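Q: You'll find coords_39.csv just under this line, and it carries CSV, C-alpha atoms.
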chain,number,residue,atom,x,y,z
A,727,MET,CA,71.2,136.4,98.4
A,728,ASN,CA,74.0,138.2,96.5
A,729,ASN,CA,77.4,139.1,97.8
A,730,LEU,CA,76.5,142.7,98.8
A,731,ASP,CA,73.4,141.7,100.7
A,732,SER,CA,74.9,138.7,102.5
A,733,HIS,CA,77.8,140.9,103.7
A,734,ARG,CA,75.4,143.1,105.6
A,735,HIS,CA,74.7,140.3,108.1
A,736,SER,CA,78.4,140.1,109.0
A,737,HIS,CA,79.0,143.8,109.5
A,738,ALA,CA,78.4,143.7,113.3
A,739,HIS,CA,81.4,141.3,113.7
A,740,ALA,CA,85.0,142.5,113.6
A,741,HIS,CA,87.6,140.0,112.3
A,742,ALA,CA,88.0,137.2,114.8
A,743,HIS,CA,91.8,137.3,114.7
A,744,ALA,CA,91.7,140.9,115.8
A,745,HIS,CA,89.7,140.3,118.9
A,746,ALA,CA,92.8,139.1,120.8
A,747,LEU,CA,94.3,142.5,120.2
A,748,LEU,CA,91.3,144.7,120.7
A,749,ASP,CA,88.2,143.8,122.7
A,750,THR,CA,85.6,145.2,120.4
A,751,GLN,CA,83.1,145.2,123.3
A,752,SER,CA,85.2,147.9,125.0
A,753,VAL,CA,84.7,150.3,122.0
A,754,ARG,CA,81.5,152.2,121.7
A,755,TRP,CA,80.7,152.1,118.0
A,756,LYS,CA,77.1,151.1,117.3
A,757,ASP,CA,75.9,154.7,117.6
A,758,LEU,CA,78.2,155.6,114.7
A,759,VAL,CA,76.5,153.2,112.3
A,760,LYS,CA,73.3,155.1,111.8
A,761,TYR,CA,73.0,158.0,109.4
A,762,GLN,CA,70.7,161.0,109.6
A,763,ARG,CA,68.9,161.7,106.4
A,764,PHE,CA,70.9,164.9,105.8
A,765,GLU,CA,74.1,163.0,106.3
A,766,THR,CA,73.0,160.5,103.6
A,767,ALA,CA,72.2,163.4,101.2
A,768,ARG,CA,75.5,165.1,102.0
A,769,GLU,CA,77.5,161.9,101.4
A,770,LEU,CA,75.8,161.3,98.1
A,771,CYS,CA,76.5,164.8,96.9
A,772,LEU,CA,80.2,164.8,97.8
A,773,PRO,CA,81.6,164.2,94.3
A,774,LEU,CA,79.2,166.7,92.6
A,775,PRO,CA,81.0,170.0,93.3
A,776,TRP,CA,84.2,168.5,92.1
A,777,LEU,CA,82.5,167.2,88.9
A,778,LEU,CA,81.2,170.7,88.2
A,779,LEU,CA,84.6,172.2,88.8
A,780,ALA,CA,86.2,169.6,86.5
A,781,VAL,CA,83.7,170.6,83.7
A,782,VAL,CA,84.3,174.3,84.2
A,783,CYS,CA,88.1,173.9,84.2
A,784,GLY,CA,87.8,171.7,81.2
A,785,GLN,CA,85.8,174.3,79.3
A,786,GLN,CA,88.4,176.9,80.1
A,787,ALA,CA,91.3,174.7,79.1
A,788,THR,CA,89.7,173.7,75.8
A,789,ALA,CA,88.4,177.1,74.9
A,790,VAL,CA,91.8,178.8,75.4
A,791,GLY,CA,93.5,175.8,73.7
A,792,ALA,CA,91.6,176.6,70.5
A,793,THR,CA,93.8,179.7,70.2
A,794,GLY,CA,96.8,177.5,69.8
A,795,SER,CA,98.3,177.8,73.3
A,796,VAL,CA,98.0,175.2,76.0
A,797,GLN,CA,96.8,176.5,79.3
A,798,TRP,CA,98.4,174.1,81.7
A,799,GLY,CA,97.0,175.9,84.7
A,800,TRP,CA,93.4,175.0,83.8
A,801,ILE,CA,94.5,171.4,82.8
A,802,VAL,CA,96.2,171.0,86.2
A,803,ALA,CA,93.1,172.4,88.0
A,804,MET,CA,90.9,170.0,86.1
A,805,GLY,CA,93.2,167.1,86.9
A,806,ILE,CA,92.9,167.9,90.7
A,807,ALA,CA,89.1,168.1,90.4
A,808,VAL,CA,89.0,164.8,88.5
A,809,ILE,CA,91.1,163.2,91.2
A,810,TYR,CA,88.6,164.2,93.8
A,811,VAL,CA,85.7,163.1,91.7
A,812,PHE,CA,87.4,159.7,91.6
A,813,MET,CA,88.3,159.6,95.3
A,814,LEU,CA,84.9,160.8,96.5
A,815,GLY,CA,83.1,158.7,94.0
A,816,LEU,CA,85.0,155.7,95.3
A,817,ARG,CA,84.2,156.7,98.9
A,818,VAL,CA,80.4,156.8,98.1
A,819,ALA,CA,80.6,153.5,96.2
A,820,HIS,CA,82.6,151.9,99.0
A,821,ASN,CA,80.0,152.9,101.6
A,822,ALA,CA,77.3,151.4,99.3
A,823,PHE,CA,79.3,148.2,99.2
A,824,HIS,CA,79.0,147.9,102.9
A,825,GLY,CA,75.4,149.2,103.1
A,826,THR,CA,76.5,152.2,105.2
A,827,LEU,CA,74.8,155.0,103.3
A,828,GLY,CA,71.5,154.7,105.1
A,829,LEU,CA,69.8,153.5,102.0
A,830,THR,CA,67.9,150.3,101.1
A,831,PRO,CA,69.8,147.5,99.4
A,832,SER,CA,68.2,148.5,96.1
A,833,GLY,CA,69.3,152.1,96.7
A,834,ASP,CA,72.9,151.0,97.3
A,835,HIS,CA,72.9,149.1,94.0
A,836,TRP,CA,71.7,152.1,92.0
A,837,VAL,CA,74.2,154.4,93.7
A,838,MET,CA,77.0,152.0,92.6
A,839,GLY,CA,75.5,152.1,89.1
A,840,VAL,CA,75.6,155.9,88.9
A,841,ILE,CA,79.1,156.0,90.3
A,842,SER,CA,80.2,153.4,87.8
A,843,VAL,CA,79.2,155.7,84.9
A,844,MET,CA,80.9,158.7,86.6
A,845,MET,CA,84.2,156.7,87.0
A,846,LEU,CA,84.0,154.8,83.7
A,847,GLY,CA,84.1,151.3,85.1
A,848,SER,CA,81.9,148.9,87.2
A,849,SER,CA,81.5,149.5,90.9
A,850,HIS,CA,79.8,146.1,91.2
A,851,ALA,CA,83.0,144.4,89.9
A,852,ILE,CA,85.0,146.2,92.6
A,853,ASN,CA,82.3,145.3,95.1
A,854,TYR,CA,82.7,141.6,94.4
A,855,THR,CA,86.5,141.5,95.0
A,856,HIS,CA,86.2,143.9,97.9
A,857,MET,CA,83.7,141.8,99.9
A,858,TYR,CA,86.0,138.8,99.4
A,859,HIS,CA,88.9,140.9,100.6
A,860,HIS,CA,87.1,141.6,103.8
A,861,LYS,CA,86.2,138.0,104.4
A,862,HIS,CA,89.7,136.6,103.5
A,863,CYS,CA,92.0,139.6,103.9
A,864,MET,CA,95.5,138.9,102.7
A,865,GLN,CA,94.8,135.2,102.2
A,866,LYS,CA,94.8,133.0,99.2
A,867,GLY,CA,92.3,134.2,96.6
A,868,ASP,CA,92.2,137.8,97.9
A,869,VAL,CA,92.5,139.5,94.5
A,870,GLU,CA,92.4,143.0,96.1
A,871,GLY,CA,95.0,142.3,98.8
A,872,GLU,CA,97.4,140.5,96.4
A,873,LEU,CA,99.0,143.7,95.2
A,874,ALA,CA,100.1,144.6,98.7
A,875,THR,CA,102.2,141.4,99.0
A,876,LEU,CA,104.5,142.7,96.2
A,877,PRO,CA,107.5,145.0,96.7
A,878,PHE,CA,107.0,148.6,95.6
A,879,GLY,CA,108.6,148.3,92.1
A,880,ARG,CA,106.6,145.2,91.1
A,881,ALA,CA,103.4,146.6,92.6
A,882,LEU,CA,103.9,149.9,90.6
A,883,LEU,CA,104.3,147.9,87.4
A,884,LYS,CA,101.2,145.7,88.1
A,885,SER,CA,99.0,148.6,89.3
A,886,PRO,CA,97.8,149.7,85.8
A,887,ILE,CA,96.4,146.3,84.9
A,888,TYR,CA,94.8,145.7,88.3
A,889,PRO,CA,91.4,147.4,87.5
A,890,VAL,CA,91.1,145.2,84.4
A,891,TYR,CA,92.1,142.1,86.4
A,892,ILE,CA,89.4,142.9,89.0
A,893,HIS,CA,86.7,143.2,86.3
A,894,ILE,CA,87.8,139.9,84.8
A,895,VAL,CA,87.7,138.0,88.1
A,896,ALA,CA,84.3,139.5,89.0
A,897,LEU,CA,82.8,138.6,85.6
A,898,ARG,CA,84.2,135.1,86.0
A,899,ASP,CA,83.2,134.4,89.6
A,900,ALA,CA,80.5,136.8,90.8
A,901,PRO,CA,76.9,135.7,91.2
A,902,LYS,CA,74.6,136.0,88.1
A,903,LEU,CA,72.7,139.1,89.4
A,904,GLN,CA,76.0,140.9,90.1
A,905,LYS,CA,77.4,139.9,86.7
A,906,ARG,CA,74.3,141.5,85.1
A,907,TRP,CA,75.0,144.8,87.0
A,908,ILE,CA,78.6,144.7,85.9
A,909,LEU,CA,77.8,144.2,82.2
A,910,ALA,CA,75.1,146.9,82.4
A,911,GLU,CA,77.5,149.4,84.0
A,912,LEU,CA,80.2,148.7,81.4
A,913,ALA,CA,77.7,148.9,78.6
A,914,VAL,CA,76.3,152.3,79.8
A,915,SER,CA,79.8,153.6,80.3
A,916,ALA,CA,80.8,152.6,76.8
A,917,LEU,CA,77.6,154.1,75.3
A,918,LEU,CA,78.3,157.4,77.1
A,919,GLN,CA,81.8,157.4,75.8
A,920,CYS,CA,80.6,156.9,72.3
A,921,MET,CA,78.0,159.6,72.6
A,922,MET,CA,80.3,162.2,74.1
A,923,LEU,CA,83.4,161.5,72.0
A,924,VAL,CA,81.9,160.5,68.6
A,925,TRP,CA,78.5,162.1,68.4
A,926,PHE,CA,79.0,165.3,70.5
A,927,GLU,CA,82.8,165.5,69.9
A,928,SER,CA,83.2,166.9,73.4
A,929,PRO,CA,86.9,167.9,74.0
A,930,VAL,CA,86.0,168.4,77.7
A,931,TYR,CA,84.8,164.9,78.0
A,932,GLY,CA,87.8,163.6,76.2
A,933,LEU,CA,90.1,165.3,78.8
A,934,TYR,CA,87.8,164.0,81.6
A,935,SER,CA,88.0,160.4,80.2
A,936,LEU,CA,91.8,160.5,79.9
A,937,MET,CA,92.2,161.8,83.4
A,938,MET,CA,89.7,159.4,84.9
A,939,LEU,CA,91.6,156.5,83.1
A,940,VAL,CA,94.9,157.7,84.8
A,941,ALA,CA,93.1,157.8,88.1
A,942,ASN,CA,91.8,154.3,87.7
A,943,LEU,CA,95.1,152.9,86.7
A,944,SER,CA,97.1,154.5,89.6
A,945,ALA,CA,94.5,154.1,92.4
A,946,PRO,CA,95.6,150.5,93.4
A,947,MET,CA,98.9,151.8,94.7
A,948,VAL,CA,97.2,154.3,97.0
A,949,GLY,CA,94.0,152.4,97.8
A,950,ILE,CA,95.4,148.9,98.2
A,951,TRP,CA,99.2,148.8,98.4
A,952,ALA,CA,99.7,151.7,100.7
A,953,VAL,CA,97.1,150.6,103.3
A,954,HIS,CA,98.0,146.9,103.3
A,955,ARG,CA,101.7,146.6,102.6
A,956,GLN,CA,103.7,144.3,104.9
A,957,CYS,CA,100.6,143.5,106.9
A,958,GLU,CA,100.3,139.8,106.2
A,959,GLY,CA,99.7,137.9,109.4
A,960,SER,CA,99.3,141.1,111.5
A,961,ALA,CA,96.3,141.4,113.8
A,962,VAL,CA,94.3,143.7,111.6
A,963,ASN,CA,96.0,143.2,108.2
A,964,ALA,CA,95.6,146.9,107.4
A,965,ARG,CA,97.3,150.2,108.2
A,966,SER,CA,95.8,153.4,109.7
A,967,CYS,CA,96.6,157.1,109.6
A,968,ARG,CA,96.6,159.7,112.3
A,969,SER,CA,97.8,162.6,110.2
A,970,ARG,CA,94.9,165.2,110.0
A,971,VAL,CA,96.4,166.6,106.9
A,972,VAL,CA,96.7,163.2,105.1
A,973,ASN,CA,93.2,162.2,106.2
A,974,PHE,CA,91.8,165.5,105.0
A,975,LEU,CA,93.5,165.2,101.6
A,976,THR,CA,92.4,161.5,101.3
A,977,CYS,CA,88.8,162.2,102.4
A,978,GLY,CA,89.1,159.9,105.4
A,979,MET,CA,89.9,156.8,103.4
A,980,PHE,CA,93.1,156.1,105.3
A,981,TYR,CA,91.3,155.0,108.5
A,982,HIS,CA,91.7,151.6,107.0
A,983,ALA,CA,92.5,149.5,110.1
A,984,GLU,CA,89.4,150.9,111.8
A,985,HIS,CA,87.3,150.1,108.7
A,986,HIS,CA,88.5,146.5,108.7
A,987,LEU,CA,87.7,146.1,112.4
A,988,PHE,CA,84.3,147.8,112.2
A,989,PRO,CA,83.1,147.7,108.5
A,990,ALA,CA,79.6,148.7,109.5
A,991,VAL,CA,80.8,152.2,110.5
A,992,PRO,CA,80.5,154.7,107.5
A,993,THR,CA,83.6,156.6,106.4
A,994,ARG,CA,82.2,159.9,107.7
A,995,HIS,CA,82.3,158.5,111.2
A,996,LEU,CA,85.7,156.7,111.1
A,997,ALA,CA,87.6,159.7,112.6
A,998,GLU,CA,85.4,159.5,115.7
A,999,LEU,CA,85.8,155.7,115.8
A,1000,ALA,CA,89.6,156.1,115.7
A,1001,MET,CA,89.6,158.5,118.6
A,1002,ARG,CA,87.5,156.1,120.6
A,1003,ILE,CA,89.9,153.2,119.8
A,1004,ASP,CA,92.9,155.4,120.8
A,1005,ALA,CA,91.2,156.2,124.1
A,1006,THR,CA,91.4,152.4,125.0
A,1007,GLY,CA,95.2,152.7,124.8
A,1008,VAL,CA,95.3,150.1,122.0
A,1009,ARG,CA,97.9,150.4,119.3
A,1010,PHE,CA,97.4,148.1,116.3
A,1011,LEU,CA,100.0,145.3,116.4
A,1012,GLY,CA,102.0,145.2,113.2
A,1013,VAL,CA,100.3,148.3,111.7
A,1014,THR,CA,102.3,151.4,111.0
A,1015,GLU,CA,100.6,154.7,111.5
A,1016,PHE,CA,101.2,157.4,108.8
A,1017,GLY,CA,102.2,160.8,109.9
Is it possible to express this structure as C-alpha cells?
A:
Amino acid sequence: MNNLDSHRHSHAHAHAHAHALLDTQSVRWKDLVKYQRFETARELCLPLPWLLLAVVCGQQATAVGATGSVQWGWIVAMGIAVIYVFMLGLRVAHNAFHGTLGLTPSGDHWVMGVISVMMLGSSHAINYTHMYHHKHCMQKGDVEGELATLPFGRALLKSPIYPVYIHIVALRDAPKLQKRWILAELAVSALLQCMMLVWFESPVYGLYSLMMLVANLSAPMVGIWAVHRQCEGSAVNARSCRSRVVNFLTCGMFYHAEHHLFPAVPTRHLAELAMRIDATGVRFLGVTEFG
C-alpha cells in the first residue's frame, strides 16, 4: 500500500492533540466529504479557463511584441492567469492527495500526473512530503513544515530551493511505485518542454514556463510559511482565515486549520466546515485568523 492509499484510512480521524481543544464529535462534517458527480467535474475543470486565458494573453503579448514594443498589459494579464492555473492546479492535486475528488485511487494518481505536466513538476513528489506533513506536522522530519519554523527573511531566501528540495527528498525516501510516478512526471514535463521550446519554438510556452517557474519558486512562502508560521506546539499547528476576500482570492486554500483537523473534507466544502466549527464557539488556540 503506497503513501497516498494508506492515508485514506486515516482521513476520518483528526489530529489527536487537537481533540482536547475541539471535540470533533460535536462538529457535523461527514456529509461534507462526499462529492456529487457534477462537483467532481467542476473541480477538475477549475484550472482550464485560466489556462486558456493564459494562452490567449500570451498570444497577444508575443504577437504585439514582434512589432518591437513590449505590451506589459498582456504580459501582466498572462501572469495573473498563470498564477491561478498554478493555484487551482495545486488545489486539484491537493484534493487528489487526500482522495477527496470523488475518484478512484487510480483516478487520483492520473489527475496528479496531468497536473504535474501543467505545473512543470511532480505532484507525486509533493504528495509524499505532504502526507508526512499531515502525520507529523511541525515535527522532526516534516520537510514541508520546516520552512515555517524560519523567520521571514530566512524563509524568503530558502523558498526558491524548496520545490527542488521536496523532489530530492521524495526521490530518496518515497515508496518504489511513487518514485516511478515522480520520474515519469518529470520525464514527461521535460519532454514537453523540449518539444514546445526547441521543436515548435513557441514563445507563448516560453513565457508560460518562465511564469510557472516563478510561481513554483515563490509558492512555499504562501502555501507553507504563511499558514504554519509560529504554530509549533499549538493545538492545530496551522492557521486559518476568515476574510471572504482573501479566501476568494486564494481559492479557499487558507482554511488550513480546518483542513488539518478534517483532511477528508474537500477544499470546496471547507468554508461550510469553518462556519460549523465557528458555531461551536471554538477558537483555535495559538492560531491567528487573517483578516
Q: Report as a tab-separated table the residues of segment 872-956 of chain A within 10 Å of segment 973-988 of chain A, each with its shortest atom pair and distance in Å (one decimal), using all atoms listed in the file, ordered by chain and increasing residue number.
A:
residue	atom	partner	partner_atom	distance
A:Val948	CA	A:Phe980	CA	9.4
A:Gly949	CA	A:Met979	CA	8.2
A:Ile950	CA	A:His982	CA	9.9
A:Ala952	CA	A:Phe980	CA	9.2
A:Val953	CA	A:His982	CA	6.6
A:His954	CA	A:His982	CA	8.7
Q: Counting all atoms listed in the file, give me one row per residue of segment 899-986 of chain A with an atom at most 6 Å from an atom of segment 842-850 of chain A, showing the shortest contact pair and its distance in Å to one decimal, sorted by chain then residue number, as CSV.
A:
residue,atom,partner,partner_atom,distance
A:Ile908,CA,A:Ser848,CA,5.5
A:Glu911,CA,A:Ser848,CA,5.5
A:Leu912,CA,A:Gly847,CA,6.0
A:Ser915,CA,A:Val843,CA,5.1
Q: Show me, as a tab-separated table, the residues of segment 877-959 of chain A having an atom within 9 Å of segment 805-816 of chain A, each with the closest atom pair and its distance in Å, using only C-alpha atoms.
A:
residue	atom	partner	partner_atom	distance
A:Leu933	CA	A:Gly805	CA	8.9
A:Tyr934	CA	A:Val808	CA	7.0
A:Met937	CA	A:Gly805	CA	6.4
A:Met938	CA	A:Val808	CA	6.5
A:Ala941	CA	A:Ile809	CA	6.5
A:Asn942	CA	A:Phe812	CA	8.0
A:Ala945	CA	A:Met813	CA	8.8
Q: Tell me, in Å to one decimal, how far atom CA of His995 of chain A is from atom CA of Leu827 of chain A.
A: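 That distance, rounded to one decimal, is 11.4 Å.
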Q: Choose the residue, out of A:Arg880, A:Arg754, A:Arg898, A:Arg817, that has the smallest atom-to-atom separation from Ile1003 of chain A; count all atoms listed in the file.
A: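 Checking each of A:Arg880, A:Arg754, A:Arg898, A:Arg817 against Ile1003 of chain A, counting all atoms listed in the file, the winner is A:Arg754.
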Q: One decimal, Å: what's the distance from atom CA of Val972 of chain A over to atom CA of Arg994 of chain A, could you say?
A: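 Going from atom CA of Val972 of chain A over to atom CA of Arg994 of chain A covers 15.1 Å.
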Q: For each of A:Ile841, A:Val930, A:Leu873, A:Ile801, take the minimum atom-to-atom distance to Ala819 of chain A, counting all atoms listed in the file, then give the residue where this is smallest.
A: A:Ile841
Q: For segment 756-768 of chain A, find every residue with an atom within 7 Å (counting only C-alpha atoms), except residues of its own chain fewer than 2 positions away, and show them as a PyMOL selection string.
A: chain A and resi 754+770-772+827-828+990-992+995
Q: Please compute the atom CA of Arg955 of chain A-atom CA of Ala822 of chain A distance, one decimal, in Å.
A: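 Interatomic distance, atom CA of Arg955 of chain A to atom CA of Ala822 of chain A: 25.1 Å.
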Q: Which residues, written as a PDB file with C-alpha atoms, keeping the file's coordinate frame, have at least one atom at most 9 Å from His860 of chain A, with all atoms listed in the file counted and residues fewer than 5 positions away on the same chain left out?
A:
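Output file out_27.pdb follows:
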ATOM      1  CA  HIS A 741      87.600 140.000 112.300  1.00  0.00           C
ATOM      2  CA  THR A 855      86.500 141.500  95.000  1.00  0.00           C
ATOM      3  CA  ASP A 868      92.200 137.800  97.900  1.00  0.00           C
ATOM      4  CA  HIS A 986      88.500 146.500 108.700  1.00  0.00           C
ATOM      5  CA  PRO A 989      83.100 147.700 108.500  1.00  0.00           C
TER       6      PRO A 989
END
Q: Give the answer as one residue: which of A:Val869, A:Gly784, A:Leu779, A:Ser928 has the shortest atom-to-atom distance to Pro889 of chain A, using only C-alpha atoms?
A: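 Closest candidate: A:Val869.
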Q: My list of candidates is A:Thr875, A:Thr788, A:Gln904, A:Ser885. Which is closest to Ala851 of chain A when distances are computed with all atoms listed in the file?
A: A:Gln904
Q: Measuring between all atoms listed in the file, which one of A:Thr993, A:Asn853, A:Trp951, A:His893 shows the shortest distance to Thr826 of chain A?
A: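 Under the stated criterion, the closest residue is A:Thr993.
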Q: Which of these, A:Ile852, A:Arg965, A:Leu939, A:Cys920, has the shortest distance to Leu897 of chain A once you count all atoms listed in the file?
A: A:Ile852
Q: Considering only C-alpha atoms, return as a list in words whatever protein or nucleic-acid residues lie within 9 Å of His859 of chain A, sequence-local ones (same chain, fewer than 4 positions apart) excluded.
A: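 Once the nearby chain positions are removed, what remains is Tyr854, Thr855, Cys863, Met864, Gln865, Gly867, Asp868, Val869, Glu870 and Gly871 of chain A.
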